[in-house]
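Engineer: Sharing a structure with you now.
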Amino acid sequence: MNFKKLTDQALAGKKVLIRVDMNVPVKDGKIGDDTRIRASLATIEHCLKAGAGVVLMTHLGRPTEGSITEEDKLAPVAARLGELLGRDVPVITDWTGFTVKAGELVMLENIRTNVGEKKNKDELGQAYAALCDVFVNDAFGTAHRAEASTHAVAKFAPIACAGLLLSAELDALGKALAQPARPLVAIVAGSKVSTKLTILESLADKVDQLIVGGGIANTFLLAEGKQIGKSLAEADLLEQARAVIAKIRARGGDVPLPTDVVVGQKFDANEPAVVKPLSAVTESDMIFDIGPDSAAQLAEVVAKAGTIVWNGPVGVFEFDQFGKGTEELARAIAASPAFSIAGGGDTLAAVAKYGITEQVGYISTGGGAFLEFLEGKTLPAVDILAQRA
């Protein structure tokens, strides 16, 4: 897919509007993980160094359009960005008709609070486009959504191009999937099969080994006739799970499922962790992690991989006693000679928690966009850049 790139644009004295993805976890005004903010720095600095005036726009959380609460505001994000850049980053609420000056850097208040953003309204896209000479989409994390700040604006801006991060994401993902070094191992974990069923079906045609974790693994275990107690699973999707397993096995691959697990009686930070063989799971047990034998088995699979695509932790890693499986898997990915790509919010949090950022081949800032790209879907925000090129 061809699109204009930021690196080919003359920016001196130009007004540049950058759609970044700084949708980071914020609790009580404190940022939990600033990976996405740091990932946006290269494009921002490139534009400022070239002598442009820069306007940033991002969403944060899931606010209601047309109103804004204290927790929807971008102040903590702008403050962290300011620390990283060593300058103030003012947040503008009333930006209609605003003109940015060369060398200036400002941020529009949370764009998800603007009426028409999610519905990709042309009028809002035109209002955004009026702020700039060059629109840069650098928000891979939202590229799977057609919204006013990712799609409509690109229709109306004088020039629409891809930022450094967006270009790098598409290159890295293309490399992992177009001609991957084999074996290709995909790790897809999460609470629900339903949200990731199409990606599981699509990967079943491409990968050599499919590692599933979390609630997804529980559903697969149930599909194989195993006892999972009160664990989170989707009993109405057992046929689909069986079909995914059959598809991979028909191609000589497999879906390695846990043989031992870590259980608790309730979802709680202080719940004691009990390791047991899968065959010993009782009706009152809830599976919160894979056991040490299963983790060692997955580590072996990962060690032999040529390419690893990772989306989602294999247990409730936020609670340390249920994080050992995810930690062992993370360390195995870090140690593997394979080209690895990790993507999705929880995955980024696990990568940060276990300190393996430098050992992962490529860290994708996208969750939904990452999955839809793997699935082979067209990303609307990228598609519109290609049309404009």
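Identifiers for the structure tokens are assigned positionally: chains receive A, B, ... in sequence, residues are indexed from 1 per chain, and ligands are indexed from 1 in the order shown.
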Counting only C-alpha atoms, give me one row per residue of segment 71-141 of chain A with an atom at most 6 Å from an atom of segment 149-162 of chain A, showing the shortest contact pair and its distance in Å to one decimal, sorted by chain then residue number, as CSV.
Structural biologist:
```
residue,atom,partner,partner_atom,distance
A:Asn120,CA,A:Ala152,CA,5.9
A:Asp122,CA,A:Ala152,CA,5.5
A:Gly125,CA,A:Val153,CA,4.0
A:Gln126,CA,A:Phe156,CA,5.9
A:Tyr128,CA,A:Val153,CA,6.0
A:Ala129,CA,A:Ala157,CA,4.6
A:Asp133,CA,A:Pro158,CA,5.7
A:Val134,CA,A:Ile159,CA,4.8
A:Phe135,CA,A:Ala160,CA,4.8
A:Val136,CA,A:Cys161,CA,5.1
A:Asn137,CA,A:Ala162,CA,5.1
```
Engineer: Any idea what's packed within 8 Å of segment 194-196 of chain A, counting only C-alpha atoms, ignoring anything in its chain fewer than 3 positions away? Could you give it as a PyMOL selection string?
Structural biologist: chain A and resi 199-200+234+237
Engineer: When you look at Arg36 of chain A with a cut-off of 8 Å (counting only C-alpha atoms), what residues show up, excluding the ones that are within fewer than 6 positions of it in the same chain? I need them as a list in words.
Structural biologist: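 Everything that qualifies: Asp21, Met22, Asn23, Val24 and Thr365 of chain A.
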Engineer: Which residues are near His59 of chain A? Cut-off 6 Å, only C-alpha atoms, ignore same chain within fewer than 3 positions. Put them as a list in words.
Structural biologist: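 Listing them by chain and then by number gives Asn23, Asn110, Ile111 and Arg112 of chain A.
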Engineer: Write out as a short mmCIF file (atom, residue, chain, number, x, y, z; two decimals) with N, CA and C atoms, in the first residue's frame which residues come within 12 Å of Glu271 of chain A when counting only C-alpha atoms, dropping same-chain ones fewer than 3 positions away.
Structural biologist:
```
data_model
loop_
_atom_site.label_atom_id
_atom_site.label_comp_id
_atom_site.auth_asym_id
_atom_site.auth_seq_id
_atom_site.Cartn_x
_atom_site.Cartn_y
_atom_site.Cartn_z
N VAL A 262 -2.68 -22.77 37.72
CA VAL A 262 -2.66 -22.12 39.03
C VAL A 262 -4.07 -21.62 39.30
N VAL A 263 -4.66 -22.07 40.41
CA VAL A 263 -6.06 -21.74 40.67
C VAL A 263 -6.22 -20.95 41.96
N GLY A 264 -7.40 -20.31 42.04
CA GLY A 264 -7.83 -19.64 43.26
C GLY A 264 -9.32 -19.85 43.39
N GLN A 265 -9.89 -19.37 44.51
CA GLN A 265 -11.33 -19.51 44.71
C GLN A 265 -12.08 -18.22 44.35
N LYS A 266 -11.33 -17.09 44.34
CA LYS A 266 -11.97 -15.83 43.93
C LYS A 266 -10.93 -14.90 43.32
N PHE A 267 -11.43 -13.97 42.50
CA PHE A 267 -10.57 -13.01 41.81
C PHE A 267 -10.21 -11.90 42.78
N ASP A 268 -9.01 -12.01 43.37
CA ASP A 268 -8.66 -11.05 44.41
C ASP A 268 -7.14 -10.97 44.51
N VAL A 274 -2.75 -21.71 44.10
CA VAL A 274 -2.53 -23.15 44.29
C VAL A 274 -2.22 -23.78 42.94
N ASP A 285 -12.88 -24.32 41.70
CA ASP A 285 -11.63 -23.65 41.29
C ASP A 285 -11.83 -22.67 40.14
N MET A 286 -11.03 -21.61 40.16
CA MET A 286 -10.95 -20.69 39.02
C MET A 286 -9.50 -20.67 38.56
N PHE A 288 -6.34 -19.09 37.06
CA PHE A 288 -5.85 -17.73 36.90
C PHE A 288 -4.48 -17.65 36.21
N VAL A 316 -3.50 -13.88 35.02
CA VAL A 316 -3.84 -12.60 35.66
C VAL A 316 -2.55 -12.01 36.24
N PHE A 319 -1.76 -9.60 39.37
CA PHE A 319 -1.55 -10.17 40.71
C PHE A 319 -0.30 -11.06 40.61
N ASP A 320 0.74 -10.69 41.34
CA ASP A 320 2.03 -11.39 41.20
C ASP A 320 1.94 -12.91 41.33
N GLN A 321 1.06 -13.37 42.24
CA GLN A 321 0.99 -14.82 42.46
C GLN A 321 0.40 -15.56 41.25
N PHE A 322 -0.25 -14.80 40.35
CA PHE A 322 -0.81 -15.41 39.13
C PHE A 322 -0.09 -14.90 37.88
#
```
Engineer: In Å, with one decimal, what is the gap from atom CA of Arg331 of chain A to atom CA of Leu374 of chain A?
Structural biologist: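 About the pair atom CA of Arg331 of chain A and atom CA of Leu374 of chain A: they are 23.3 Å apart.
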Engineer: If we count only C-alpha atoms, what is near Val302 of chain A at a cut-off of 12 Å, once residues fewer than 2 positions away on the same chain are taken out, given as a PyMOL selection string?
Structural biologist: chain A and resi 182-187+208-211+256+295-300+304-310+328-340
Engineer: Just write the chosen residues, N, CA and C atoms, as a short mmCIF file (atom, residue, chain, number, x, y, z; two decimals), in the first residue's frame.
Structural biologist:
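Contents of selection.cif, as written:
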```cif
data_model
loop_
_atom_site.label_atom_id
_atom_site.label_comp_id
_atom_site.auth_asym_id
_atom_site.auth_seq_id
_atom_site.Cartn_x
_atom_site.Cartn_y
_atom_site.Cartn_z
N ARG A 182 10.18 -19.25 9.75
CA ARG A 182 9.40 -20.31 10.40
C ARG A 182 10.23 -21.02 11.45
N PRO A 183 9.59 -21.69 12.43
CA PRO A 183 8.15 -21.72 12.67
C PRO A 183 7.61 -20.35 13.14
N LEU A 184 6.39 -20.06 12.68
CA LEU A 184 5.69 -18.84 13.11
C LEU A 184 4.79 -19.22 14.29
N VAL A 185 5.08 -18.62 15.43
CA VAL A 185 4.32 -18.90 16.65
C VAL A 185 3.51 -17.66 17.03
N ALA A 186 2.20 -17.83 17.20
CA ALA A 186 1.37 -16.71 17.65
C ALA A 186 0.86 -17.01 19.05
N ILE A 187 0.93 -15.99 19.91
CA ILE A 187 0.38 -16.11 21.26
C ILE A 187 -0.79 -15.15 21.33
N ASP A 208 2.33 -21.88 12.68
CA ASP A 208 2.73 -23.26 12.93
C ASP A 208 2.32 -23.71 14.33
N GLN A 209 2.33 -22.77 15.26
CA GLN A 209 1.87 -23.07 16.63
C GLN A 209 1.04 -21.88 17.10
N LEU A 210 -0.09 -22.17 17.70
CA LEU A 210 -0.95 -21.12 18.25
C LEU A 210 -1.07 -21.33 19.75
N ILE A 211 -0.45 -20.44 20.50
CA ILE A 211 -0.54 -20.52 21.97
C ILE A 211 -1.71 -19.64 22.41
N PRO A 256 -0.91 -25.88 21.77
CA PRO A 256 -0.50 -26.53 23.02
C PRO A 256 -1.29 -25.97 24.21
N ALA A 295 4.24 -23.74 31.49
CA ALA A 295 5.08 -22.58 31.15
C ALA A 295 6.40 -23.04 30.52
N ALA A 296 6.97 -24.12 31.09
CA ALA A 296 8.23 -24.65 30.55
C ALA A 296 8.03 -25.20 29.13
N GLN A 297 6.87 -25.84 28.91
CA GLN A 297 6.54 -26.40 27.58
C GLN A 297 6.42 -25.26 26.55
N LEU A 298 5.75 -24.17 26.94
CA LEU A 298 5.58 -23.03 26.03
C LEU A 298 6.93 -22.35 25.78
N ALA A 299 7.77 -22.28 26.80
CA ALA A 299 9.09 -21.68 26.64
C ALA A 299 9.90 -22.44 25.59
N GLU A 300 9.74 -23.77 25.57
CA GLU A 300 10.43 -24.60 24.55
C GLU A 300 9.93 -24.29 23.15
N LYS A 304 12.25 -22.36 19.92
CA LYS A 304 12.50 -22.93 18.59
C LYS A 304 11.87 -22.09 17.47
N ALA A 305 11.19 -21.00 17.82
CA ALA A 305 10.44 -20.22 16.82
C ALA A 305 11.37 -19.41 15.91
N GLY A 306 10.87 -19.10 14.73
CA GLY A 306 11.57 -18.19 13.81
C GLY A 306 10.97 -16.79 13.91
N THR A 307 9.63 -16.75 14.13
CA THR A 307 8.90 -15.49 14.29
C THR A 307 7.86 -15.68 15.40
N ILE A 308 7.77 -14.67 16.28
CA ILE A 308 6.78 -14.73 17.38
C ILE A 308 5.91 -13.49 17.32
N VAL A 309 4.60 -13.70 17.34
CA VAL A 309 3.64 -12.59 17.42
C VAL A 309 2.90 -12.75 18.75
N TRP A 310 2.98 -11.75 19.62
CA TRP A 310 2.44 -11.89 20.98
C TRP A 310 1.38 -10.83 21.26
N GLU A 328 7.38 -16.18 32.74
CA GLU A 328 8.26 -17.18 32.10
C GLU A 328 8.18 -17.09 30.58
N LEU A 329 6.94 -16.90 30.08
CA LEU A 329 6.75 -16.76 28.63
C LEU A 329 7.48 -15.51 28.12
N ALA A 330 7.33 -14.40 28.86
CA ALA A 330 7.99 -13.14 28.48
C ALA A 330 9.51 -13.32 28.42
N ARG A 331 10.07 -14.00 29.43
CA ARG A 331 11.52 -14.21 29.47
C ARG A 331 11.99 -15.13 28.34
N ALA A 332 11.12 -16.10 27.98
CA ALA A 332 11.46 -17.01 26.87
C ALA A 332 11.46 -16.24 25.54
N ILE A 333 10.50 -15.33 25.39
CA ILE A 333 10.44 -14.51 24.16
C ILE A 333 11.68 -13.62 24.10
N ALA A 334 12.05 -13.04 25.25
CA ALA A 334 13.23 -12.17 25.31
C ALA A 334 14.51 -12.93 24.93
N ALA A 335 14.59 -14.20 25.35
CA ALA A 335 15.80 -14.99 25.11
C ALA A 335 15.82 -15.64 23.72
N SER A 336 14.66 -15.72 23.07
CA SER A 336 14.58 -16.42 21.79
C SER A 336 15.28 -15.63 20.67
N PRO A 337 15.96 -16.33 19.76
CA PRO A 337 16.60 -15.65 18.63
C PRO A 337 15.58 -15.20 17.56
N ALA A 338 14.31 -15.58 17.74
CA ALA A 338 13.27 -15.25 16.76
C ALA A 338 13.02 -13.74 16.66
N PHE A 339 12.48 -13.31 15.50
CA PHE A 339 11.99 -11.93 15.38
C PHE A 339 10.65 -11.90 16.11
N SER A 340 10.54 -11.04 17.13
CA SER A 340 9.31 -11.01 17.93
C SER A 340 8.62 -9.65 17.83
#
```
Engineer: For Val212 of chain A, list every protein, DNA or RNA residue within 8 Å, evaluated using only C-alpha atoms, and leave out those in the same chain fewer than 6 positions away; present the list as JSON, numbers by chain.
Structural biologist: {"A": [187, 188, 189, 255, 256, 257, 314]}
Engineer: For a quick check of understanding, using only C-alpha atoms, which of A:Asp28, A:Val54, A:Leu371, A:Ala349 has the smallest distance to Leu131 of chain A?
Structural biologist: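 So, comparing all the options, the nearest one is A:Val54.
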Engineer: If you run DSSP on this backbone, which residues of segment 61-179 of chain A come out as strand (DSSP E), and could you give them as a compact mmCIF listing (two decimals) with N, CA and C atoms, in the first residue's frame?
Structural biologist:
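File produced: selection.txt:
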```
# COMPACT_ATOMS: atom_id res chain seq x y z
N VAL A 91 -2.56 22.73 26.77
CA VAL A 91 -3.73 22.01 26.25
C VAL A 91 -4.81 23.05 25.92
N ILE A 92 -5.30 23.01 24.68
CA ILE A 92 -6.26 24.01 24.22
C ILE A 92 -7.67 23.42 24.16
N LEU A 105 4.35 24.23 20.16
CA LEU A 105 3.78 22.90 20.32
C LEU A 105 2.60 22.98 21.28
N VAL A 106 1.42 22.59 20.80
CA VAL A 106 0.22 22.60 21.64
C VAL A 106 -0.54 21.29 21.44
N MET A 107 -1.48 21.06 22.33
CA MET A 107 -2.29 19.84 22.26
C MET A 107 -3.76 20.21 22.38
N LEU A 108 -4.61 19.61 21.54
CA LEU A 108 -6.05 19.84 21.67
C LEU A 108 -6.56 18.96 22.81
N VAL A 134 -0.27 20.40 6.88
CA VAL A 134 0.06 18.98 6.74
C VAL A 134 -0.57 18.21 7.90
N PHE A 135 -1.35 17.17 7.56
CA PHE A 135 -1.89 16.28 8.59
C PHE A 135 -1.04 15.02 8.62
N VAL A 136 -0.61 14.64 9.83
CA VAL A 136 0.21 13.44 10.01
C VAL A 136 -0.54 12.45 10.89
N ASN A 137 -0.81 11.26 10.36
CA ASN A 137 -1.38 10.24 11.23
C ASN A 137 -0.23 9.39 11.78
N ILE A 159 -2.37 18.19 2.81
CA ILE A 159 -1.50 17.01 2.62
C ILE A 159 -1.79 16.07 3.78
N ALA A 160 -1.91 14.77 3.49
CA ALA A 160 -2.12 13.77 4.55
C ALA A 160 -1.03 12.70 4.40
N CYS A 161 -0.29 12.46 5.47
CA CYS A 161 0.81 11.50 5.38
C CYS A 161 0.93 10.67 6.66
N ALA A 162 1.79 9.65 6.60
CA ALA A 162 2.01 8.77 7.74
C ALA A 162 3.23 9.23 8.52
```
